[in-house]
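Below: one structure, written as structure tokens.
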Amino acid sequence: MNHTGPEGVLPDNNGSIHGRQYNLDLLKATAIVCMLICHPIIRFGEYRSGYENDFLYFMADDIIGDYIVAAHGFMFAMGVGMVFSRKNTAKDMIRRGFKLFLLGYVLNFFRYGIYALGYAIMTGGFSLMAQDALFCPDILHFAGLAFIATGVFMKLKLKTVPILVISVILSTIGASAAFYDTGNTVLNYVCGAFIFASEDFSLFCFFNWYIFVAAGLLFGTILQKTQDRDLLYKRLLIASGTVCIIYVACSCRFGAFFLSKGGEYYVASPPEAVGLLSIDFLVLSLFYFLLQKTGASKFRIPIEMSKNITSIYVIHWLILGFTESVCCYMLGIVFDYPFILAYGAALMVVSFLLARLYDRFKRARRS
């Protein structure tokens, strides 16, 4: 939805009851920035000897990539966005879900799969790396399943509270059944889209992560019905800030993701989800009050990033996958961290500009 003023100028408000939620845009933009910082460090850093002990790698992998608004922020924002979207019928949800799910496999092929297949042809062997590159479910697969499930729940006329209850049950099952092995590679990939097996077969599993979407659906519904948003966000700021401080303090004391089985981020249990959601709510509330002070017009770039989130995600992976596959894997180049940081900054700019061009191309075709 493009809620702009005359000549495309963003209004200095936080969106109407049914309008665009600019604090949510800033939450998504923060997640994009975190993603574009952490992915190059994680992907290139793994070629460095002893990378596990590098502080920068730890910051990118555990702090920026996991705790600070990243994947869980995307998923929560997705749920809120479903409520405020104009195309929010069950049919719309299911159709978009199938498109995103298929896009996940298309991205798998062009991100790493095509290079892994080429290498397999040259060496005469189909490696586990090629298999993983082509078939491992990732966040787009999850997003597709989340849209499809939400559409089905809408067809069943379920309200947001029952949906949240179902998501908690699914999360509990997913957390308990994590690290399974069917003994069959194909089944592991299929089941891995729903329940975590290992990072070779699954990442953002539907059972574990739909709780973030469901929380977004409930919050979006509450937000639409709330007249006094200042009071809502003040209470949310206090509550989420308190939970966030306790959660972060306990994580420092007991270890990262101590509330999930095996301390695994991708196994996010219901208590872990509450901790991560407290970060999302805290940041969302802070952005709400920041926008009241400054107005949305000062955040044109982050808001544009939010609107083009899927394009930026796909584009940055295509560039990053090409660089890693050719330079790191095939040529054996090991990048130092100053280069990786510069690469990440350039990747952010290039991905944003290419996503902008693609958006303008789509608009021109429709007009």
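Starting from 1 in every chain, residues are counted up; chains themselves are A, B, ... following the order of the structure tokens, and ligands are numbered from 1 as listed.
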Tell me, as a VMD selection string, which residues lie within 12 Å of Asp61 in chain A, counting only C-alpha atoms; anything in the same chain fewer than 3 positions away does not count.
-> chain A and resid 34 to 46 51 to 58 64 to 68 70 256 265
Write out as JSON, numbers by chain which residues come within 12 Å of Leu187 in chain A when counting only C-alpha atoms, dropping same-chain ones fewer than 4 positions away.
-> {"A": [135, 136, 180, 181, 182, 183, 191, 192, 193, 194, 195, 197, 201, 202]}
Atom pair CA of Ile279 in chain A + CA of Cys252 in chain A, distance 15.1 Å
Write out as a VMD selection string which residues come within 7 Å of range 76-92 of chain A when counting only C-alpha atoms, dropping same-chain ones fewer than 5 positions away.
-> chain A and resid 1 18 24 28 151 to 152 154 to 155 212 to 217 219 to 221
Please produce a file of the residues just selected, as a short mmCIF file (atom, residue, chain, number, x, y, z; two decimals), in the first residue's frame, where the atoms kept are all heavy atoms.
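What ended up in result37.cif:
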```cif
data_model
loop_
_atom_site.label_atom_id
_atom_site.label_comp_id
_atom_site.auth_asym_id
_atom_site.auth_seq_id
_atom_site.Cartn_x
_atom_site.Cartn_y
_atom_site.Cartn_z
N MET A 1 0.84 -1.18 0.00
CA MET A 1 0.00 0.00 0.00
C MET A 1 0.88 1.24 0.00
O MET A 1 1.78 1.35 0.81
CB MET A 1 -0.85 0.01 1.26
CG MET A 1 -2.33 -0.03 0.95
SD MET A 1 -3.31 0.17 2.42
CE MET A 1 -2.63 -1.08 3.49
N HIS A 18 -6.25 2.28 9.17
CA HIS A 18 -6.15 1.25 8.14
C HIS A 18 -5.01 1.55 7.17
O HIS A 18 -4.92 0.94 6.11
CB HIS A 18 -7.48 1.15 7.37
CG HIS A 18 -8.61 0.74 8.25
ND1 HIS A 18 -8.76 -0.54 8.73
CD2 HIS A 18 -9.65 1.46 8.77
CE1 HIS A 18 -9.85 -0.61 9.49
NE2 HIS A 18 -10.40 0.59 9.53
N LEU A 24 6.38 0.08 11.58
CA LEU A 24 6.60 -1.29 11.10
C LEU A 24 7.57 -1.29 9.93
O LEU A 24 8.40 -2.19 9.80
CB LEU A 24 5.26 -1.92 10.68
CG LEU A 24 5.30 -3.41 10.36
CD1 LEU A 24 5.51 -4.22 11.63
CD2 LEU A 24 4.00 -3.85 9.69
N LYS A 28 11.13 -3.32 9.72
CA LYS A 28 11.57 -4.17 8.60
C LYS A 28 12.88 -3.66 8.01
O LYS A 28 13.74 -4.46 7.63
CB LYS A 28 10.48 -4.23 7.53
CG LYS A 28 9.25 -5.01 7.95
CD LYS A 28 8.34 -5.32 6.77
CE LYS A 28 7.62 -4.11 6.28
NZ LYS A 28 6.69 -4.43 5.17
N GLY A 151 -4.13 -18.34 5.04
CA GLY A 151 -5.27 -18.39 4.13
C GLY A 151 -6.23 -19.51 4.48
O GLY A 151 -7.46 -19.33 4.45
N VAL A 152 -5.69 -20.66 4.81
CA VAL A 152 -6.54 -21.80 5.22
C VAL A 152 -7.29 -21.47 6.51
O VAL A 152 -8.49 -21.76 6.65
CB VAL A 152 -5.68 -23.07 5.40
CG1 VAL A 152 -6.51 -24.20 6.02
CG2 VAL A 152 -5.10 -23.52 4.05
N MET A 154 -8.15 -18.59 7.52
CA MET A 154 -9.19 -17.62 7.18
C MET A 154 -10.40 -18.30 6.56
O MET A 154 -11.54 -17.95 6.84
CB MET A 154 -8.62 -16.56 6.23
CG MET A 154 -7.62 -15.62 6.89
SD MET A 154 -6.86 -14.49 5.71
CE MET A 154 -8.28 -13.49 5.24
N LYS A 155 -10.14 -19.30 5.71
CA LYS A 155 -11.24 -20.06 5.11
C LYS A 155 -12.05 -20.78 6.20
O LYS A 155 -13.26 -20.97 6.07
CB LYS A 155 -10.70 -21.06 4.09
CG LYS A 155 -10.41 -20.46 2.72
CD LYS A 155 -10.02 -21.53 1.73
CE LYS A 155 -9.91 -20.97 0.32
NZ LYS A 155 -11.23 -20.49 -0.22
N PHE A 212 5.56 -16.39 15.30
CA PHE A 212 5.88 -14.97 15.11
C PHE A 212 4.85 -14.32 14.18
O PHE A 212 4.45 -13.18 14.39
CB PHE A 212 7.29 -14.83 14.53
CG PHE A 212 8.37 -15.27 15.48
CD1 PHE A 212 8.89 -16.55 15.42
CD2 PHE A 212 8.86 -14.40 16.43
CE1 PHE A 212 9.87 -16.97 16.30
CE2 PHE A 212 9.85 -14.80 17.32
CZ PHE A 212 10.35 -16.09 17.26
N VAL A 213 4.45 -15.04 13.15
CA VAL A 213 3.42 -14.53 12.24
C VAL A 213 2.10 -14.39 12.97
O VAL A 213 1.39 -13.38 12.84
CB VAL A 213 3.27 -15.46 11.02
CG1 VAL A 213 2.18 -14.95 10.08
CG2 VAL A 213 4.59 -15.58 10.27
N ALA A 214 1.75 -15.41 13.76
CA ALA A 214 0.50 -15.38 14.52
C ALA A 214 0.47 -14.22 15.50
O ALA A 214 -0.56 -13.56 15.68
CB ALA A 214 0.30 -16.71 15.25
N ALA A 215 1.61 -13.95 16.14
CA ALA A 215 1.70 -12.81 17.06
C ALA A 215 1.50 -11.51 16.30
O ALA A 215 0.84 -10.58 16.79
CB ALA A 215 3.06 -12.81 17.76
N GLY A 216 2.04 -11.43 15.09
CA GLY A 216 1.83 -10.25 14.26
C GLY A 216 0.39 -10.09 13.84
O GLY A 216 -0.14 -8.96 13.82
N LEU A 217 -0.27 -11.19 13.51
CA LEU A 217 -1.70 -11.13 13.16
C LEU A 217 -2.53 -10.58 14.31
O LEU A 217 -3.40 -9.72 14.12
CB LEU A 217 -2.20 -12.53 12.78
CG LEU A 217 -1.76 -13.11 11.43
CD1 LEU A 217 -2.09 -14.59 11.37
CD2 LEU A 217 -2.43 -12.36 10.29
N PHE A 219 -1.47 -8.80 16.93
CA PHE A 219 -1.13 -7.40 17.22
C PHE A 219 -1.72 -6.47 16.16
O PHE A 219 -2.23 -5.39 16.49
CB PHE A 219 0.38 -7.22 17.28
CG PHE A 219 0.80 -5.81 17.57
CD1 PHE A 219 0.61 -5.27 18.82
CD2 PHE A 219 1.36 -5.02 16.58
CE1 PHE A 219 0.97 -3.95 19.10
CE2 PHE A 219 1.73 -3.71 16.84
CZ PHE A 219 1.54 -3.17 18.11
N GLY A 220 -1.67 -6.87 14.90
CA GLY A 220 -2.24 -6.05 13.84
C GLY A 220 -3.73 -5.85 14.03
O GLY A 220 -4.26 -4.74 13.82
N THR A 221 -4.44 -6.89 14.46
CA THR A 221 -5.88 -6.80 14.71
C THR A 221 -6.17 -5.86 15.88
O THR A 221 -7.09 -5.04 15.83
CB THR A 221 -6.45 -8.19 15.02
OG1 THR A 221 -6.17 -9.07 13.91
CG2 THR A 221 -7.95 -8.13 15.22
#
```
Which is closer to Leu277 in chain A than all the others in A:Leu140, A:Ala71, A:Ala133, A:Val314, using only C-alpha atoms?
->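 Among A:Leu140, A:Ala71, A:Ala133, A:Val314, it is A:Ala71 that comes nearest to Leu277 in chain A.
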Would you kindly return, as a JSON list (two decimals) with C-alpha atoms, in the first residue's frame, each protein, DNA or RNA residue with an atom no farther than 12 Å from any atom of Leu286 in chain A, considering only C-alpha atoms and excluding same-chain residues fewer than 3 positions away?
```
[["chain", "number", "residue", "atom", "x", "y", "z"],
["A", 22, "TYR", "CA", 5.59, 3.49, 9.32],
["A", 23, "ASN", "CA", 7.08, 2.19, 12.56],
["A", 24, "LEU", "CA", 6.60, -1.29, 11.10],
["A", 26, "LEU", "CA", 11.35, 0.99, 10.13],
["A", 27, "LEU", "CA", 11.31, -2.36, 11.95],
["A", 230, "ASP", "CA", -0.05, 6.45, 22.32],
["A", 233, "TYR", "CA", 2.62, 1.85, 22.71],
["A", 234, "LYS", "CA", 3.52, 3.32, 26.11],
["A", 235, "ARG", "CA", 2.26, 0.17, 27.81],
["A", 236, "LEU", "CA", 3.92, -2.00, 25.17],
["A", 237, "LEU", "CA", 7.20, -0.14, 25.60],
["A", 238, "ILE", "CA", 7.23, -0.78, 29.35],
["A", 240, "SER", "CA", 8.40, -5.39, 26.20],
["A", 241, "GLY", "CA", 11.33, -3.44, 27.65],
["A", 279, "ILE", "CA", 12.85, -7.26, 21.16],
["A", 280, "ASP", "CA", 10.54, -6.72, 18.18],
["A", 281, "PHE", "CA", 7.87, -4.99, 20.30],
["A", 282, "LEU", "CA", 10.46, -2.83, 22.03],
["A", 283, "VAL", "CA", 11.96, -1.65, 18.74],
["A", 289, "PHE", "CA", 7.59, 7.54, 19.38],
["A", 290, "LEU", "CA", 10.55, 8.50, 17.20],
["A", 291, "LEU", "CA", 8.18, 9.05, 14.27],
["A", 292, "GLN", "CA", 6.00, 11.25, 16.43],
["A", 293, "LYS", "CA", 9.02, 13.49, 17.04]]
```
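Shortest atom-to-atom contact with Gln131 in chain A among A:Thr185, A:Ser311, A:Ser176, A:Asn208: A:Thr185, counting only C-alpha atoms.
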Please identify which residues in range 102-181 of chain A DSSP calls helix (DSSP H, G or I) from the backbone, and express them as a PyMOL selection string.
-> chain A and resi 102-123+128-135+139-155+160-176
Minimum-distance residue to Leu259 in chain A, chosen among A:Val243, A:Val190, A:Leu276, A:Leu203 (using only C-alpha atoms) | A:Leu276
Quick one: residues within 10 Å of Leu107 in chain A, only C-alpha atoms counted, chain neighbours fewer than 4 positions away excluded, as a list in words?
->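 What passes the distance filter is Leu102, Leu103, Arg111, Tyr112, Gly113, Ala133, Leu134, Asp138, Leu140, Tyr313, Val314, Ile315, Trp317 and Leu318 of chain A.
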Which polymer residues have any atom within 10 Å of an atom of Ile301 in chain A, counting only C-alpha atoms, with same-chain residues fewer than 5 positions away left out, as number ranges by chain?
-> A: 26, 29, 306-307, 352
Any idea what's packed within 10 Å of Val168 in chain A, counting only C-alpha atoms, ignoring anything in its chain fewer than 2 positions away? Could you give it as a ChimeraX atom specification?
-> /A:162-166,170-174,207-212,214-215,269-271,273
Option closest in space to Tyr115 in chain A, from A:Cys327, A:Leu341, A:Ala177, A:Val186 [counting only C-alpha atoms] =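 Distance minimum relative to Tyr115 in chain A lands on A:Cys327.
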Enter the distance from CA of Tyr337 in chain A to CA of Asp132 in chain A, in Å, rounded to one decimal.
->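 It comes out at 26.4 Å.
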Atomic distance CA of Ala31 in chain A - CA of Phe74 in chain A, expressed in Å with one decimal | 6.7 Å
